[in-house]
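The file model-v4.txt comes next; it holds compact mmCIF, C-alpha atoms and all ligand atoms.
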```txt
# COMPACT_ATOMS: atom_id res chain seq x y z
CA MET A 1 -11.55 -9.22 6.00
CA GLU A 2 -9.69 -8.51 9.21
CA ILE A 3 -6.03 -9.26 9.90
CA VAL A 4 -4.96 -8.56 13.45
CA LEU A 5 -1.22 -7.81 13.64
CA SER A 6 0.96 -6.81 16.55
CA ARG A 7 1.12 -3.08 15.69
CA CYS A 8 -2.13 -2.59 13.78
CA THR A 9 -5.17 -4.26 12.28
CA ILE A 10 -5.95 -4.36 8.58
CA ARG A 11 -9.70 -4.37 8.05
CA GLY A 12 -12.41 -3.22 5.70
CA PHE A 13 -13.34 0.46 5.80
CA ARG A 14 -16.47 1.46 7.72
CA ALA A 15 -18.69 4.49 7.20
CA ALA A 16 -17.69 5.63 10.68
CA ASP A 17 -14.03 5.88 9.54
CA ALA A 18 -14.72 8.94 7.37
CA GLY A 19 -13.80 11.52 10.02
CA SER A 20 -10.49 9.97 11.00
CA ILE A 21 -9.52 9.19 7.40
CA ALA A 22 -10.22 12.78 6.36
CA ARG A 23 -8.23 14.12 9.31
CA HIS A 24 -5.15 11.96 8.79
CA ALA A 25 -5.16 11.96 4.99
CA ASN A 26 -5.32 15.73 4.87
CA ASN A 27 -1.55 16.09 5.08
CA ARG A 28 0.71 17.42 2.35
CA LYS A 29 3.50 15.06 3.46
CA VAL A 30 1.21 12.13 2.71
CA TRP A 31 -0.13 13.59 -0.55
CA ILE A 32 3.34 14.47 -1.92
CA ASN A 33 4.18 10.75 -2.06
CA LEU A 34 0.98 9.56 -3.71
CA ARG A 35 -0.57 10.01 -7.11
CA ASP A 36 -2.72 13.04 -7.80
CA ARG A 37 -5.99 11.12 -7.60
CA PHE A 38 -5.43 11.16 -3.80
CA PRO A 39 -7.09 14.51 -3.04
CA HIS A 40 -5.43 17.48 -1.37
CA PRO A 41 -6.87 19.05 0.63
CA TYR A 42 -8.62 15.85 1.71
CA THR A 43 -12.17 16.61 2.86
CA LEU A 44 -14.78 14.65 4.77
CA ALA A 45 -16.71 14.34 1.49
CA ASP A 46 -13.60 12.79 -0.15
CA ALA A 47 -13.35 10.25 2.66
CA LYS A 48 -17.03 9.35 2.46
CA LYS A 49 -16.80 8.92 -1.33
CA TRP A 50 -13.69 6.76 -1.00
CA ILE A 51 -15.25 4.53 1.65
CA VAL A 52 -18.27 3.89 -0.60
CA VAL A 53 -15.94 2.92 -3.48
CA ALA A 54 -13.68 0.75 -1.31
CA THR A 55 -16.47 -1.10 0.47
CA GLY A 56 -18.37 -1.71 -2.78
CA ALA A 57 -15.48 -3.37 -4.62
CA VAL A 58 -15.54 -7.11 -5.31
CA PRO A 59 -13.13 -8.57 -4.45
CA GLU A 60 -12.39 -6.22 -1.58
CA THR A 61 -8.94 -4.77 -2.28
CA HIS A 62 -8.66 -1.58 -0.22
CA PHE A 63 -8.47 -1.64 3.56
CA ALA A 64 -8.03 0.59 6.55
CA ILE A 65 -4.97 0.38 8.78
CA ALA A 66 -6.50 0.66 12.24
CA ILE A 67 -4.91 1.23 15.62
CA GLY A 68 -6.98 1.14 18.78
CA GLY A 69 -10.13 0.97 16.66
CA GLU A 70 -9.28 4.16 14.74
CA ALA A 71 -8.56 4.14 11.01
CA VAL A 72 -5.12 5.78 10.74
CA GLY A 73 -4.21 4.91 7.18
CA GLY A 74 -4.98 2.82 4.18
CA ILE A 75 -3.46 -0.07 2.28
CA GLY A 76 -4.73 -1.57 -0.93
CA LEU A 77 -4.24 -3.33 -4.19
CA THR A 78 -5.12 -2.12 -7.66
CA LEU A 79 -5.78 -5.16 -9.79
CA LYS A 80 -4.58 -4.89 -13.37
CA ASN A 81 -6.33 -6.25 -16.43
CA ASP A 82 -5.71 -7.48 -19.99
CA ILE A 83 -2.18 -8.95 -20.25
CA TRP A 84 -1.39 -7.53 -16.80
CA ARG A 85 -4.22 -9.49 -15.19
CA ARG A 86 -1.96 -11.40 -12.83
CA SER A 87 -0.29 -8.22 -11.60
CA ALA A 88 -1.46 -5.84 -8.92
CA GLU A 89 -0.10 -2.57 -7.59
CA ILE A 90 0.17 -2.11 -3.85
CA GLY A 91 -0.25 1.28 -2.21
CA TYR A 92 -0.37 2.52 1.37
CA TRP A 93 -0.29 5.57 3.57
CA LEU A 94 -0.23 6.17 7.29
CA ARG A 95 -1.02 9.02 9.66
CA GLU A 96 2.19 11.03 10.11
CA GLU A 97 2.17 10.77 13.92
CA HIS A 98 2.64 6.99 13.59
CA TRP A 99 5.57 7.00 11.16
CA GLY A 100 8.78 5.22 12.08
CA ARG A 101 7.30 2.44 14.23
CA GLY A 102 7.29 -0.38 11.70
CA ILE A 103 3.55 -0.17 11.11
CA ALA A 104 3.63 0.15 7.31
CA THR A 105 6.15 -2.66 7.05
CA GLU A 106 3.97 -4.96 9.12
CA ALA A 107 0.89 -4.01 7.10
CA ALA A 108 2.68 -4.43 3.76
CA ARG A 109 3.96 -7.89 4.69
CA ALA A 110 0.46 -8.96 5.69
CA MET A 111 -1.05 -7.57 2.49
CA VAL A 112 1.47 -9.45 0.38
CA ASP A 113 0.55 -12.70 2.12
CA HIS A 114 -3.16 -11.94 1.82
CA ALA A 115 -2.89 -10.99 -1.85
CA PHE A 116 -1.08 -14.15 -2.86
CA ALA A 117 -3.36 -16.32 -0.74
CA ALA A 118 -6.66 -14.82 -1.84
CA LEU A 119 -6.11 -13.72 -5.44
CA SER A 120 -4.81 -15.33 -8.61
CA ILE A 121 -2.00 -12.87 -8.97
CA THR A 122 1.66 -13.66 -9.53
CA ARG A 123 3.21 -10.22 -9.10
CA LEU A 124 2.80 -7.28 -6.76
CA TYR A 125 4.59 -4.04 -7.51
CA ALA A 126 4.90 -0.47 -6.30
CA GLY A 127 6.58 2.65 -7.58
CA ALA A 128 8.17 4.95 -5.01
CA PHE A 129 9.01 8.53 -5.89
CA GLU A 130 12.74 9.26 -5.87
CA TRP A 131 12.36 11.40 -2.70
CA ASN A 132 10.64 8.65 -0.70
CA PRO A 133 13.31 6.46 0.95
CA ALA A 134 10.90 5.49 3.76
CA SER A 135 8.59 3.73 1.31
CA MET A 136 11.52 2.08 -0.48
CA ARG A 137 12.66 0.75 2.89
CA VAL A 138 9.15 -0.54 3.67
CA LEU A 139 9.10 -2.41 0.37
CA GLU A 140 12.57 -3.85 0.92
CA LYS A 141 11.66 -5.00 4.43
CA ALA A 142 8.49 -6.59 3.03
CA GLY A 143 10.56 -8.67 0.60
CA PHE A 144 10.22 -6.62 -2.60
CA THR A 145 13.12 -6.37 -5.04
CA ARG A 146 14.21 -3.08 -6.58
CA GLU A 147 13.74 -3.79 -10.29
CA ALA A 148 14.30 -0.52 -12.05
CA VAL A 149 14.53 3.21 -11.91
CA LEU A 150 12.13 4.75 -14.40
CA LYS A 151 13.94 7.96 -15.19
CA LYS A 152 11.86 11.15 -15.19
CA ALA A 153 8.71 9.05 -15.37
CA VAL A 154 6.31 10.92 -13.13
CA THR A 155 5.39 14.51 -12.46
CA LYS A 156 4.32 15.39 -8.94
CA ASP A 157 3.85 18.86 -7.54
CA GLU A 158 5.18 20.24 -10.86
CA ARG A 159 8.47 18.33 -10.48
CA THR A 160 9.35 15.58 -12.94
CA ILE A 161 11.17 12.85 -11.07
CA ASP A 162 12.33 9.24 -11.19
CA LEU A 163 10.05 6.40 -10.11
CA VAL A 164 11.77 3.50 -8.34
CA LEU A 165 10.02 0.27 -9.22
CA TYR A 166 9.80 -2.54 -6.67
CA ALA A 167 8.16 -5.94 -7.13
CA ILE A 168 7.63 -9.25 -5.42
CA VAL A 169 6.49 -12.39 -7.18
CA ARG A 170 4.47 -15.26 -5.82
CA ASN A 171 6.39 -17.49 -3.40
CA LYS A 172 9.67 -15.70 -3.86
CA ARG A 173 9.88 -14.24 -0.36
CA ALA A 174 12.88 -15.70 1.45
CA GLY A 175 12.07 -18.78 3.48
CA ARG A 176 8.94 -19.73 1.57
CA ALA A 177 8.44 -23.07 -0.13
CA GLU A 178 8.47 -22.95 -3.90
CA GLN A 179 5.10 -23.59 -5.48
CA GLY A 180 4.03 -23.48 -9.07
CA ASP A 181 0.97 -21.97 -10.69
CA ASP A 182 -1.07 -24.85 -9.29
CA ALA A 183 -0.97 -22.99 -6.01
CA LEU A 184 -2.93 -20.05 -7.47
CA PRO A 185 -6.33 -19.63 -5.85
CA GLY A 186 -8.87 -20.80 -8.38
CA ALA A 187 -6.32 -22.67 -10.51
CA ARG A 188 -7.79 -25.72 -12.32
C1 LIG B 201 5.86 5.42 3.61
C2 LIG B 201 5.11 5.25 4.94
C3 LIG B 201 3.84 4.45 4.70
C4 LIG B 201 6.05 4.52 5.91
O1 LIG B 201 5.33 4.18 7.07
P1 LIG B 201 6.08 3.76 8.43
O2 LIG B 201 5.10 3.02 9.28
O3 LIG B 201 6.75 4.94 9.00
O4 LIG B 201 7.18 2.73 7.87
P2 LIG B 201 8.08 1.75 8.76
O5 LIG B 201 8.25 2.35 10.12
O6 LIG B 201 7.50 0.39 8.65
O7 LIG B 201 9.45 1.74 7.95
C5 LIG B 201 10.05 2.96 7.55
C6 LIG B 201 11.51 2.72 7.27
O8 LIG B 201 12.01 3.80 6.49
C7 LIG B 201 13.13 4.34 7.14
N1 LIG B 201 13.17 5.76 6.83
C8 LIG B 201 12.30 6.71 7.16
N2 LIG B 201 12.70 7.89 6.67
C9 LIG B 201 13.84 7.66 5.99
C10 LIG B 201 14.75 8.46 5.27
N3 LIG B 201 14.54 9.77 5.12
N4 LIG B 201 15.81 7.88 4.69
C11 LIG B 201 16.05 6.56 4.82
N5 LIG B 201 15.21 5.72 5.49
C12 LIG B 201 14.15 6.29 6.08
C13 LIG B 201 12.88 4.06 8.61
O9 LIG B 201 14.08 4.16 9.34
C14 LIG B 201 12.36 2.63 8.52
O10 LIG B 201 13.38 1.71 8.23
P3 LIG B 201 14.11 0.83 9.37
O11 LIG B 201 13.02 0.03 10.04
O12 LIG B 201 15.09 0.00 8.63
O13 LIG B 201 14.72 1.79 10.33
C15 LIG B 201 4.73 6.64 5.55
O14 LIG B 201 5.88 7.41 5.64
C16 LIG B 201 3.70 7.37 4.72
O15 LIG B 201 2.49 7.23 4.93
N6 LIG B 201 4.17 8.20 3.76
C17 LIG B 201 3.28 8.94 2.88
C18 LIG B 201 2.60 8.04 1.86
C19 LIG B 201 3.56 7.15 1.09
O16 LIG B 201 4.72 7.48 0.91
N7 LIG B 201 3.06 6.01 0.60
C20 LIG B 201 3.85 5.09 -0.20
C21 LIG B 201 3.85 5.50 -1.63
S1 LIG B 201 4.89 4.44 -2.64
```
Since I need it in another form, could you write the structure as structure tokens?
Amino acid sequence: MEIVLSRCTIRGFRAADAGSIARHANNRKVWINLRDRFPHPYTLADAKKWIVVATGAVPETHFAIAIGGEAVGGIGLTLKNDIWRRSAEIGYWLREEHWGRGIATEAARAMVDHAFAALSITRLYAGAFEWNPASMRVLEKAGFTREAVLKKAVTKDERTIDLVLYAIVRNKRAGRAEQGDDALPGAR
């Protein structure tokens, strides 16, 4: 999968991305906003392991955000199962030097479109930590609705904080035509 956008390209990870991913992911300001399974410090071995996992997944759900051929971040979907099987969680991070240029917003919008086009999901959601207004803004600009504040729901860096829950449901982005479940890929 490759989606060429004006500020970045979303594409599958490549083995050759390991060095740049390790370099850019190894940043406390990135880690502090993600769950603990995102390693810190982030080593070359972590990047290599992650790329094997991401490239082996079917369907492919985790992608590099690339600029000028270099992987400078990641964006992906975690597909849920059981009764949550039509929900997926979206997550993303970007090299700090590129923050504030609309890159994550552009990537998030494209992932939302890709997710609803390619997968039989009806809901995408994300939880931003209470200290992460940049991510909340990204989600708002990508058409997500703030649904709830889960009080004292998560513990990060030994601080127990609120999680702000954002979601977007299929075909609810402003300006889109309404479609029913028949529009789900693989329906019928
Ligand atoms: C969150 C993250 C991906 C944003 O990437 P980005 O490319 O800088 O995002 P964008 O430039 O598309 O949009 C950022 C928006 O947040 C706003 N913003 C940034 N810092 C802010 C702050 N402290 N308070 C309020 N708004 C803020 C920006 O002004 C911009 O909004 P605008 O376009 O209306 O001006 C990046 O900061 C990152 O990688 N953070 C660490 C990982 C992370 O938080 N992942 C998400 C977990 S839910």
- Pull the neighbourhood of (4.4, 12.2, 1.2) for me: all residues within 12 Å in file coordinates, counting all atoms listed in the file, as a count of residues only. 30
- Counting all atoms listed in the file, the residue of A:Met1, A:Ala148, A:Ala64, A:Ala115 that sits nearest Ala15 of chain A: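 That would be A:Ala64, the residue with the smallest distance to Ala15 of chain A.
Closest approach to Thr78 of chain A among A:Tyr125, A:Ala118, A:Glu106, A:Ala45 is made by A:Tyr125 (distances from all atoms listed in the file).
For the choices A:Ile83, A:Ala167, A:Val72, A:Val149, the atom-to-atom distance to Arg123 of chain A is smallest for A:Ala167 when using all atoms listed in the file.
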- Identify the residues within 10 Å of coordinate (-16.8, 6.0, 1.5) (same frame as the file), considering all atoms listed in the file, and give the answer as a ChimeraX atom specification. /A:13-18,21,44-56
Quick one: 4 Å padding each side, axis-aligned, all listed atoms of ligand LIG 201 (chain B) - centre and edge lengths in Å to one decimal, as lines of an AutoDock Vina configuration file?
```
center_x = 9.3
center_y = 4.9
center_z = 3.8
size_x = 21.6
size_y = 17.8
size_z = 21.0
```
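For Ala142 of chain A, the non-local neighbours within 12 Å, defined as residues at least 5 positions apart in the same chain or in other chains and counting only C-alpha atoms, are A:Ile90, A:Gly102, A:Ile103, A:Ala104, A:Thr105, A:Glu106, A:Ala107, A:Ala108, A:Arg109, A:Ala110, A:Met111, A:Val112, A:Asp113, A:Leu124, A:Tyr125, A:Ala126, A:Ser135, A:Met136, A:Arg137, A:Tyr166, A:Ala167, A:Ile168, A:Val169, A:Lys172, A:Arg173, A:Ala174.
Distances from A:Glu2, A:Glu97, A:Glu158, A:Glu70 to ligand LIG 201 (chain B) were compared using all atoms listed in the file, and the smallest one belongs to A:Glu97.
Between ligand LIG 201 (chain B) and the candidates A:Lys141, A:His62, A:Arg23, A:Arg159, the tightest atom-to-atom separation, counting all atoms listed in the file, involves A:Lys141.
For the choices A:Ser87, A:Asn171, A:Ser120, A:Ser6, the atom-to-atom distance to Gly68 of chain A is smallest for A:Ser6 when using all atoms listed in the file.
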- Query: atom CA of Phe144 of chain A and atom CA of Ala88 of chain A, how far apart in Å?
  - Reply: 13.3 Å
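In this structure, atom CA of Pro41 of chain A sits 23.4 Å away from atom CA of Ile67 of chain A.
The space between atom C6 of ligand LIG 201 (chain B) and atom CA of Gly100 of chain A spans 6.1 Å.
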